[in-house]
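Source file: final.pdb (PDB, C-alpha atoms, pLDDT in the B column)
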```
MODEL        1
ATOM      1  CA  MET A  50     173.065 -11.705  87.034  1.00 69.00           C
ATOM      2  CA  ASP A  51     173.857  -8.891  84.587  1.00 83.00           C
ATOM      3  CA  ARG A  52     174.272  -9.391  80.830  1.00 85.00           C
ATOM      4  CA  GLU A  53     178.084  -9.670  80.983  1.00 90.00           C
ATOM      5  CA  GLU A  54     177.932 -12.287  83.748  1.00 90.00           C
ATOM      6  CA  GLN A  55     175.353 -14.211  81.703  1.00 89.00           C
ATOM      7  CA  ARG A  56     177.622 -14.090  78.656  1.00 91.00           C
ATOM      8  CA  VAL A  57     180.605 -15.393  80.635  1.00 93.00           C
ATOM      9  CA  ARG A  58     178.555 -18.168  82.275  1.00 93.00           C
ATOM     10  CA  PHE A  59     176.986 -19.167  78.944  1.00 93.00           C
ATOM     11  CA  LEU A  60     180.402 -19.462  77.293  1.00 94.00           C
ATOM     12  CA  GLU A  61     181.756 -21.479  80.239  1.00 95.00           C
ATOM     13  CA  LEU A  62     178.964 -24.011  79.746  1.00 95.00           C
ATOM     14  CA  LEU A  63     179.089 -23.953  75.938  1.00 95.00           C
ATOM     15  CA  ARG A  64     182.849 -24.424  75.372  1.00 95.00           C
ATOM     16  CA  PRO A  65     183.070 -28.053  76.579  1.00 95.00           C
ATOM     17  CA  ILE A  66     180.272 -29.179  74.247  1.00 95.00           C
ATOM     18  CA  GLU A  67     181.029 -27.114  71.124  1.00 93.00           C
ATOM     19  CA  GLY A  68     182.721 -30.012  69.331  1.00 92.00           C
ATOM     20  CA  ASP A  69     179.866 -32.398  70.095  1.00 93.00           C
ATOM     21  CA  LEU A  70     177.303 -29.870  68.886  1.00 94.00           C
ATOM     22  CA  GLU A  71     179.229 -29.402  65.641  1.00 92.00           C
ATOM     23  CA  LYS A  72     179.564 -33.164  65.056  1.00 91.00           C
ATOM     24  CA  TYR A  73     175.879 -33.672  65.751  1.00 91.00           C
ATOM     25  CA  SER A  74     174.874 -30.840  63.429  1.00 90.00           C
ATOM     26  CA  ARG A  75     177.178 -32.070  60.627  1.00 87.00           C
ATOM     27  CA  ARG A  76     175.781 -35.581  60.767  1.00 86.00           C
ATOM     28  CA  MET A  77     172.175 -34.458  61.003  1.00 88.00           C
ATOM     29  CA  VAL A  78     172.281 -31.984  58.121  1.00 84.00           C
ATOM     30  CA  PHE A  79     175.213 -32.987  55.842  1.00 75.00           C
ATOM     31  CA  ASP A  80     175.122 -29.704  53.882  1.00 77.00           C
ATOM     32  CA  ARG A  81     177.896 -27.407  55.112  1.00 78.00           C
ATOM     33  CA  ARG A  82     175.928 -24.164  54.843  1.00 80.00           C
ATOM     34  CA  ASP A  83     172.872 -25.639  56.515  1.00 86.00           C
ATOM     35  CA  PHE A  84     174.744 -27.263  59.397  1.00 84.00           C
ATOM     36  CA  GLU A  85     176.647 -24.037  60.047  1.00 89.00           C
ATOM     37  CA  ASP A  86     173.403 -22.028  59.928  1.00 91.00           C
ATOM     38  CA  ALA A  87     171.672 -24.469  62.263  1.00 92.00           C
ATOM     39  CA  LEU A  88     174.539 -24.401  64.733  1.00 93.00           C
ATOM     40  CA  GLN A  89     174.895 -20.621  64.676  1.00 94.00           C
ATOM     41  CA  ASN A  90     171.141 -20.041  64.997  1.00 94.00           C
ATOM     42  CA  ALA A  91     170.857 -22.555  67.828  1.00 95.00           C
ATOM     43  CA  VAL A  92     173.689 -20.994  69.831  1.00 95.00           C
ATOM     44  CA  LEU A  93     172.191 -17.549  69.307  1.00 94.00           C
ATOM     45  CA  ARG A  94     168.746 -18.780  70.396  1.00 95.00           C
ATOM     46  CA  ALA A  95     170.253 -20.500  73.422  1.00 95.00           C
ATOM     47  CA  PHE A  96     172.089 -17.338  74.446  1.00 95.00           C
ATOM     48  CA  ARG A  97     168.959 -15.214  74.030  1.00 93.00           C
ATOM     49  CA  ALA A  98     167.000 -17.680  76.176  1.00 93.00           C
ATOM     50  CA  PHE A  99     169.797 -18.251  78.700  1.00 94.00           C
ATOM     51  CA  ASP A 100     167.937 -16.316  81.381  1.00 90.00           C
ATOM     52  CA  ARG A 101     165.332 -19.138  81.320  1.00 90.00           C
ATOM     53  CA  TYR A 102     167.966 -21.850  81.823  1.00 91.00           C
ATOM     54  CA  HIS A 103     168.402 -22.955  85.429  1.00 85.00           C
ATOM     55  CA  ASP A 104     171.594 -24.474  86.795  1.00 82.00           C
ATOM     56  CA  GLY A 105     169.912 -27.662  88.008  1.00 83.00           C
ATOM     57  CA  ALA A 106     169.108 -28.722  84.426  1.00 87.00           C
ATOM     58  CA  SER A 107     171.471 -30.362  81.957  1.00 91.00           C
ATOM     59  CA  PHE A 108     172.919 -27.578  79.815  1.00 94.00           C
ATOM     60  CA  ARG A 109     174.061 -30.183  77.278  1.00 93.00           C
ATOM     61  CA  ALA A 110     170.519 -31.555  76.844  1.00 93.00           C
ATOM     62  CA  TRP A 111     169.040 -28.051  76.761  1.00 95.00           C
ATOM     63  CA  VAL A 112     171.335 -26.894  73.942  1.00 95.00           C
ATOM     64  CA  PHE A 113     170.944 -30.168  72.020  1.00 94.00           C
ATOM     65  CA  LYS A 114     167.173 -29.660  72.139  1.00 93.00           C
ATOM     66  CA  ILE A 115     167.501 -26.146  70.752  1.00 95.00           C
ATOM     67  CA  LEU A 116     169.909 -27.340  68.048  1.00 95.00           C
ATOM     68  CA  THR A 117     167.646 -30.248  67.087  1.00 93.00           C
ATOM     69  CA  ASN A 118     164.653 -27.941  66.758  1.00 92.00           C
ATOM     70  CA  GLU A 119     166.718 -25.605  64.582  1.00 93.00           C
ATOM     71  CA  ILE A 120     167.878 -28.491  62.372  1.00 91.00           C
ATOM     72  CA  PHE A 121     164.309 -29.741  61.938  1.00 89.00           C
ATOM     73  CA  THR A 122     163.188 -26.200  61.059  1.00 89.00           C
ATOM     74  CA  ILE A 123     165.913 -25.834  58.424  1.00 85.00           C
ATOM     75  CA  LYS A 124     165.081 -29.243  56.953  1.00 80.00           C
ATOM     76  CA  ARG A 125     161.406 -28.356  56.736  1.00 81.00           C
ATOM     77  CA  LYS A 126     162.244 -25.043  55.094  1.00 78.00           C
ATOM     78  CA  ARG A 127     164.551 -26.688  52.596  1.00 71.00           C
ATOM     79  CA  GLY A 128     162.259 -29.653  52.022  1.00 66.00           C
ATOM     80  CA  ARG A 129     165.139 -32.026  52.649  1.00 45.00           C
ATOM     81  CA  VAL A 130     163.573 -34.518  54.987  1.00 40.00           C
ATOM     82  CA  THR A 131     165.569 -37.606  54.154  1.00 42.00           C
ATOM     83  CA  GLU A 132     163.766 -40.905  53.964  1.00 41.00           C
ATOM     84  CA  PHE A 133     165.770 -43.421  51.964  1.00 39.00           C
ATOM     85  CA  GLU A 134     165.456 -47.129  51.642  1.00 36.00           C
ATOM     86  CA  VAL A 135     168.537 -49.213  51.169  1.00 44.00           C
ATOM     87  CA  ALA A 136     168.204 -51.674  48.302  1.00 48.00           C
ATOM     88  CA  VAL A 137     169.094 -55.233  49.260  1.00 51.00           C
ATOM     89  CA  GLU A 138     169.706 -57.857  46.613  1.00 57.00           C
ATOM     90  CA  PRO A 139     168.195 -61.358  47.063  1.00 61.00           C
ATOM     91  CA  GLN A 140     171.624 -62.933  47.598  1.00 59.00           C
ATOM     92  CA  GLU A 141     172.346 -60.363  50.316  1.00 57.00           C
ATOM     93  CA  MET A 142     169.126 -61.368  52.071  1.00 55.00           C
ATOM     94  CA  GLU A 143     170.338 -64.962  52.108  1.00 60.00           C
ATOM     95  CA  GLU A 144     173.638 -63.840  53.619  1.00 58.00           C
ATOM     96  CA  PHE A 145     171.811 -61.857  56.312  1.00 53.00           C
ATOM     97  CA  ALA A 146     169.770 -64.912  57.199  1.00 58.00           C
ATOM     98  CA  GLY A 147     172.989 -66.868  57.858  1.00 58.00           C
ATOM     99  CA  LEU A 148     174.569 -64.257  60.134  1.00 55.00           C
ATOM    100  CA  ASP A 149     174.664 -64.765  63.885  1.00 55.00           C
ATOM    101  CA  PHE A 150     173.747 -61.357  65.317  1.00 49.00           C
ATOM    102  CA  ALA A 151     173.791 -62.666  68.875  1.00 52.00           C
ATOM    103  CA  THR A 152     177.600 -62.853  68.785  1.00 53.00           C
ATOM    104  CA  TYR A 153     178.079 -59.713  66.708  1.00 49.00           C
ATOM    105  CA  ALA A 154     179.583 -56.877  68.731  1.00 53.00           C
ATOM    106  CA  PRO A 155     179.127 -53.522  66.987  1.00 51.00           C
ATOM    107  CA  PRO A 156     182.131 -51.222  66.869  1.00 50.00           C
ATOM    108  CA  SER A 157     182.326 -48.275  69.210  1.00 52.00           C
ATOM    109  CA  TRP A 158     181.097 -44.888  68.008  1.00 48.00           C
ATOM    110  CA  GLU A 159     184.707 -43.686  67.856  1.00 51.00           C
ATOM    111  CA  THR A 160     185.636 -46.546  65.529  1.00 55.00           C
ATOM    112  CA  LEU A 161     182.612 -45.834  63.380  1.00 49.00           C
ATOM    113  CA  ALA A 162     183.353 -42.111  63.230  1.00 52.00           C
ATOM    114  CA  ASP A 163     187.006 -42.716  62.317  1.00 53.00           C
ATOM    115  CA  ALA A 164     186.027 -45.131  59.558  1.00 52.00           C
ATOM    116  CA  LEU A 165     183.121 -43.085  58.246  1.00 55.00           C
ATOM    117  CA  ASP A 166     183.507 -43.745  54.542  1.00 62.00           C
ATOM    118  CA  HIS A 167     180.989 -42.945  51.859  1.00 70.00           C
ATOM    119  CA  GLU A 168     179.013 -46.164  52.442  1.00 72.00           C
ATOM    120  CA  LEU A 169     178.611 -45.502  56.140  1.00 75.00           C
ATOM    121  CA  LEU A 170     177.815 -41.883  55.486  1.00 78.00           C
ATOM    122  CA  ALA A 171     175.101 -43.046  53.073  1.00 79.00           C
ATOM    123  CA  ALA A 172     173.812 -45.418  55.748  1.00 83.00           C
ATOM    124  CA  LEU A 173     173.676 -42.591  58.268  1.00 85.00           C
ATOM    125  CA  GLN A 174     171.844 -40.465  55.730  1.00 83.00           C
ATOM    126  CA  SER A 175     169.404 -43.305  55.087  1.00 85.00           C
ATOM    127  CA  LEU A 176     168.133 -43.154  58.656  1.00 91.00           C
ATOM    128  CA  ASN A 177     164.960 -41.169  59.033  1.00 91.00           C
ATOM    129  CA  GLN A 178     165.191 -37.887  60.872  1.00 89.00           C
ATOM    130  CA  SER A 179     164.093 -39.279  64.249  1.00 91.00           C
ATOM    131  CA  GLU A 180     166.374 -42.325  64.089  1.00 94.00           C
ATOM    132  CA  ARG A 181     169.376 -40.193  63.170  1.00 92.00           C
ATOM    133  CA  ALA A 182     168.613 -37.615  65.870  1.00 93.00           C
ATOM    134  CA  VAL A 183     168.247 -40.275  68.574  1.00 94.00           C
ATOM    135  CA  LEU A 184     171.367 -42.176  67.458  1.00 94.00           C
ATOM    136  CA  LEU A 185     173.526 -39.054  67.327  1.00 92.00           C
ATOM    137  CA  MET A 186     172.187 -37.559  70.564  1.00 92.00           C
ATOM    138  CA  ARG A 187     173.088 -40.810  72.288  1.00 93.00           C
ATOM    139  CA  ALA A 188     176.428 -41.376  70.549  1.00 90.00           C
ATOM    140  CA  ILE A 189     177.750 -37.831  70.242  1.00 88.00           C
ATOM    141  CA  GLY A 190     175.745 -35.949  72.836  1.00 88.00           C
ATOM    142  CA  ASP A 191     175.975 -38.753  75.393  1.00 88.00           C
ATOM    143  CA  LEU A 192     172.431 -37.875  76.429  1.00 91.00           C
ATOM    144  CA  ARG A 193     170.322 -40.230  78.528  1.00 92.00           C
ATOM    145  CA  TYR A 194     167.156 -41.707  77.032  1.00 94.00           C
ATOM    146  CA  ARG A 195     164.967 -39.415  79.130  1.00 92.00           C
ATOM    147  CA  GLU A 196     166.909 -36.339  77.989  1.00 92.00           C
ATOM    148  CA  ILE A 197     166.548 -37.412  74.356  1.00 93.00           C
ATOM    149  CA  ALA A 198     162.818 -37.912  74.848  1.00 92.00           C
ATOM    150  CA  GLU A 199     162.528 -34.409  76.291  1.00 90.00           C
ATOM    151  CA  CYS A 200     164.646 -32.891  73.510  1.00 89.00           C
ATOM    152  CA  LEU A 201     162.563 -34.454  70.766  1.00 90.00           C
ATOM    153  CA  GLY A 202     159.240 -34.302  72.571  1.00 90.00           C
ATOM    154  CA  ILE A 203     158.608 -38.018  72.072  1.00 91.00           C
ATOM    155  CA  PRO A 204     157.823 -40.858  74.497  1.00 93.00           C
ATOM    156  CA  LEU A 205     160.661 -42.776  76.102  1.00 92.00           C
ATOM    157  CA  GLY A 206     159.593 -45.943  74.279  1.00 93.00           C
ATOM    158  CA  SER A 207     159.918 -44.142  70.936  1.00 94.00           C
ATOM    159  CA  VAL A 208     163.471 -43.159  71.834  1.00 94.00           C
ATOM    160  CA  MET A 209     164.354 -46.778  72.535  1.00 95.00           C
ATOM    161  CA  GLY A 210     162.617 -48.001  69.370  1.00 94.00           C
ATOM    162  CA  ASN A 211     164.260 -45.377  67.152  1.00 94.00           C
ATOM    163  CA  LEU A 212     167.650 -46.106  68.674  1.00 95.00           C
ATOM    164  CA  SER A 213     167.244 -49.841  68.187  1.00 94.00           C
ATOM    165  CA  ARG A 214     166.201 -49.437  64.531  1.00 94.00           C
ATOM    166  CA  ALA A 215     169.007 -46.955  63.859  1.00 94.00           C
ATOM    167  CA  ARG A 216     171.629 -49.253  65.391  1.00 93.00           C
ATOM    168  CA  GLN A 217     170.331 -52.221  63.390  1.00 92.00           C
ATOM    169  CA  LYS A 218     170.413 -50.249  60.136  1.00 90.00           C
ATOM    170  CA  MET A 219     173.953 -49.104  60.865  1.00 89.00           C
ATOM    171  CA  ARG A 220     175.030 -52.684  61.734  1.00 88.00           C
ATOM    172  CA  ASP A 221     173.578 -53.866  58.433  1.00 88.00           C
ATOM    173  CA  ALA A 222     175.475 -51.142  56.560  1.00 83.00           C
ATOM    174  CA  ILE A 223     178.728 -52.036  58.322  1.00 79.00           C
ATOM    175  CA  LEU A 224     178.268 -55.721  57.483  1.00 83.00           C
ATOM    176  CA  ARG A 225     177.569 -54.865  53.827  1.00 81.00           C
ATOM    177  CA  ALA A 226     180.652 -52.639  53.717  1.00 76.00           C
ATOM    178  CA  ARG A 227     182.815 -55.379  55.266  1.00 76.00           C
ATOM    179  CA  ARG A 228     181.531 -57.936  52.771  1.00 80.00           C
ATOM    180  CA  ARG A 229     182.245 -55.611  49.856  1.00 76.00           C
ATOM    181  CA  SER A 230     185.743 -54.852  51.118  1.00 72.00           C
ATOM    182  CA  SER A 231     186.530 -58.560  51.495  1.00 72.00           C
ATOM    183  CA  LEU A 232     185.601 -59.319  47.895  1.00 68.00           C
TER
ENDMDL
END
```

Rewrite the structure from the file as C-alpha cells, please.
Amino acid sequence: MDREEQRVRFLELLRPIEGDLEKYSRRMVFDRRDFEDALQNAVLRAFRAFDRYHDGASFRAWVFKILTNEIFTIKRKRGRVTEFEVAVEPQEMEEFAGLDFATYAPPSWETLADALDHELLAALQSLNQSERAVLLMRAIGDLRYREIAECLGIPLGSVMGNLSRARQKMRDAILRARRRSSL
C-alpha cells in the first residue's frame, strides 16, 4: 500500500471515532490547549505508525491506546496528575448509610454527559488517572475490558476494579448533587 492509499485508509478508519476521541481527551485532560495537543499528537503518531496497524485488530482500541499514552505523557510533563479527595460531612455519611444502593439504577452515560454540571465535572476530575481512563474508555470509547487492559497495560482485574471504583464515586457525586438540588 503506497502512502496515499495509507492516508485514505487511515482517514476512513479515523472519521467514525473522531468525536469519541475528542470527548475522551476533553474529559481526561480538561485544559483546552492540553486536550487539543494530546489529540493532535496522538493522531499524528497513529498515522506515522499506521503501517504497523493490521486490519484484524480494533482500530478504535489502537488509537485510544495511543491517545491515552499521549495524555499521560502530557500530564507527567505538566505535573498535573489529579488525585483529589472529596470531602464528606458527617451528616452526609449518615445519609449514605441509609441509602439502598441495591435498587439504585445509575443514569446512562448519555444522561450523565448531557447533565454534566460543575459538580459532576468536579467528580470526574476527582477520579484518579486510571479510574478516569477506564471509565471513559468504557463509556465513550465503548471498549471491552480486555481492550482497555491492553491500552493501559494493566491486568484485567485492575480494569474491573478501577471501573467499579470510578462508577461508585460518580454515583456518590450524582446522589450528592441530587440532594443539594432538592434542598

Choose the residue, out of A:Arg76, A:Lys114, A:Lys124, A:His103, that has the smallest atom-to-atom separation from Ala172 of chain A; count only C-alpha atoms.
A:Arg76

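If all atoms listed in the file are the atoms counted, then among A:Arg127, A:His167, A:Arg56, A:Arg94 the closest residue to Val112 of chain A is A:Arg94.
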
Between A:Ala110, A:Leu169, A:Ile123, A:Ala91, which is the closest to Gly190 of chain A once you count only C-alpha atoms?
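Using only C-alpha atoms, the shortest distance to Gly190 of chain A belongs to A:Ala110.
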
For Ile223 of chain A, which of A:Leu170, A:Asn211, A:Ala182, A:Phe121 is the closest residue, counting all atoms listed in the file?
A:Leu170

Pick the closest to Gln55 of chain A from A:Met186, A:Cys200, A:Ala95, A:Leu205: which is it, counting all atoms listed in the file?
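Looking at the shortest contact to Gln55 of chain A, the residue is A:Ala95.
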
In Å, rounded to a single decimal, give me how far atom CA of Ile197 of chain A is from atom CA of Arg220 of chain A.
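Result for atom CA of Arg220 of chain A versus atom CA of Ile197 of chain A: 21.6 Å, one decimal.
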
Tell me which of A:Glu180, A:Leu185, A:Arg52, A:Ala106 sits closest to Ser74 of chain A, counting only C-alpha atoms.
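The answer is A:Leu185, which sits nearest to Ser74 of chain A.
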
Atom CA of Asp80 of chain A to atom CA of Ala222 of chain A, distance in Å rounded to a single decimal:
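That distance, rounded to one decimal, is 21.6 Å.
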
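For Arg195 of chain A, the set of protein, DNA and RNA residues having any atom at most 12 Å away, when counting all atoms listed in the file and skipping those fewer than 6 positions along the same chain, is Ser107, Ala110, Val183, Met186, Arg187, Leu201, Gly202, Ile203, Pro204, Leu205, Gly206, Ser207, Val208 and Met209 of chain A.
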
Those residues with C-alpha atoms, as an mmCIF file, keeping the file's coordinate frame please?
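Done, and the output landed in result.cif:
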```
data_model
loop_
_atom_site.group_PDB
_atom_site.id
_atom_site.type_symbol
_atom_site.label_atom_id
_atom_site.label_comp_id
_atom_site.auth_asym_id
_atom_site.auth_seq_id
_atom_site.Cartn_x
_atom_site.Cartn_y
_atom_site.Cartn_z
ATOM 1 C CA SER A 107 171.471 -30.362 81.957
ATOM 2 C CA ALA A 110 170.519 -31.555 76.844
ATOM 3 C CA VAL A 183 168.247 -40.275 68.574
ATOM 4 C CA MET A 186 172.187 -37.559 70.564
ATOM 5 C CA ARG A 187 173.088 -40.810 72.288
ATOM 6 C CA LEU A 201 162.563 -34.454 70.766
ATOM 7 C CA GLY A 202 159.240 -34.302 72.571
ATOM 8 C CA ILE A 203 158.608 -38.018 72.072
ATOM 9 C CA PRO A 204 157.823 -40.858 74.497
ATOM 10 C CA LEU A 205 160.661 -42.776 76.102
ATOM 11 C CA GLY A 206 159.593 -45.943 74.279
ATOM 12 C CA SER A 207 159.918 -44.142 70.936
ATOM 13 C CA VAL A 208 163.471 -43.159 71.834
ATOM 14 C CA MET A 209 164.354 -46.778 72.535
#
```

Result set, the PyMOL selection byres ((chain A and resi 71) around 12) on current file, as a VMD selection string
chain A and resid 63 to 70 72 to 79 81 83 to 89 91 to 92 112 to 113 116 to 117 120 185 to 186 189 to 190

Atom CA of Glu54 of chain A to atom CA of Phe108 of chain A: how many Å, to one decimal?
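Interatomic distance here is 16.6 Å.
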
Box time for segment 112-116 of chain A: axis-aligned, enclosing all its listed atoms, 5 Å extra on each side; report centre and edge lengths in Å to one decimal, as JSON.
```
{"center_x": 169.3, "center_y": -28.2, "center_z": 71.0, "size_x": 14.2, "size_y": 14.0, "size_z": 15.9}
```

Selection result for the PyMOL selection byres ((chain A and resi 218) around 12) on this file, as a PDB file with C-alpha atoms, in the frame of the given file:
```pdb
ATOM      1  CA  PHE A 133     165.770 -43.421  51.964  1.00 39.00           C
ATOM      2  CA  GLU A 134     165.456 -47.129  51.642  1.00 36.00           C
ATOM      3  CA  VAL A 135     168.537 -49.213  51.169  1.00 44.00           C
ATOM      4  CA  PRO A 155     179.127 -53.522  66.987  1.00 51.00           C
ATOM      5  CA  LEU A 169     178.611 -45.502  56.140  1.00 75.00           C
ATOM      6  CA  ALA A 171     175.101 -43.046  53.073  1.00 79.00           C
ATOM      7  CA  ALA A 172     173.812 -45.418  55.748  1.00 83.00           C
ATOM      8  CA  LEU A 173     173.676 -42.591  58.268  1.00 85.00           C
ATOM      9  CA  GLN A 174     171.844 -40.465  55.730  1.00 83.00           C
ATOM     10  CA  SER A 175     169.404 -43.305  55.087  1.00 85.00           C
ATOM     11  CA  LEU A 176     168.133 -43.154  58.656  1.00 91.00           C
ATOM     12  CA  ASN A 177     164.960 -41.169  59.033  1.00 91.00           C
ATOM     13  CA  GLU A 180     166.374 -42.325  64.089  1.00 94.00           C
ATOM     14  CA  ARG A 181     169.376 -40.193  63.170  1.00 92.00           C
ATOM     15  CA  LEU A 184     171.367 -42.176  67.458  1.00 94.00           C
ATOM     16  CA  ASN A 211     164.260 -45.377  67.152  1.00 94.00           C
ATOM     17  CA  LEU A 212     167.650 -46.106  68.674  1.00 95.00           C
ATOM     18  CA  SER A 213     167.244 -49.841  68.187  1.00 94.00           C
ATOM     19  CA  ARG A 214     166.201 -49.437  64.531  1.00 94.00           C
ATOM     20  CA  ALA A 215     169.007 -46.955  63.859  1.00 94.00           C
ATOM     21  CA  ARG A 216     171.629 -49.253  65.391  1.00 93.00           C
ATOM     22  CA  GLN A 217     170.331 -52.221  63.390  1.00 92.00           C
ATOM     23  CA  MET A 219     173.953 -49.104  60.865  1.00 89.00           C
ATOM     24  CA  ARG A 220     175.030 -52.684  61.734  1.00 88.00           C
ATOM     25  CA  ASP A 221     173.578 -53.866  58.433  1.00 88.00           C
ATOM     26  CA  ALA A 222     175.475 -51.142  56.560  1.00 83.00           C
ATOM     27  CA  ILE A 223     178.728 -52.036  58.322  1.00 79.00           C
ATOM     28  CA  LEU A 224     178.268 -55.721  57.483  1.00 83.00           C
ATOM     29  CA  ARG A 225     177.569 -54.865  53.827  1.00 81.00           C
TER      30      ARG A 225
END
```
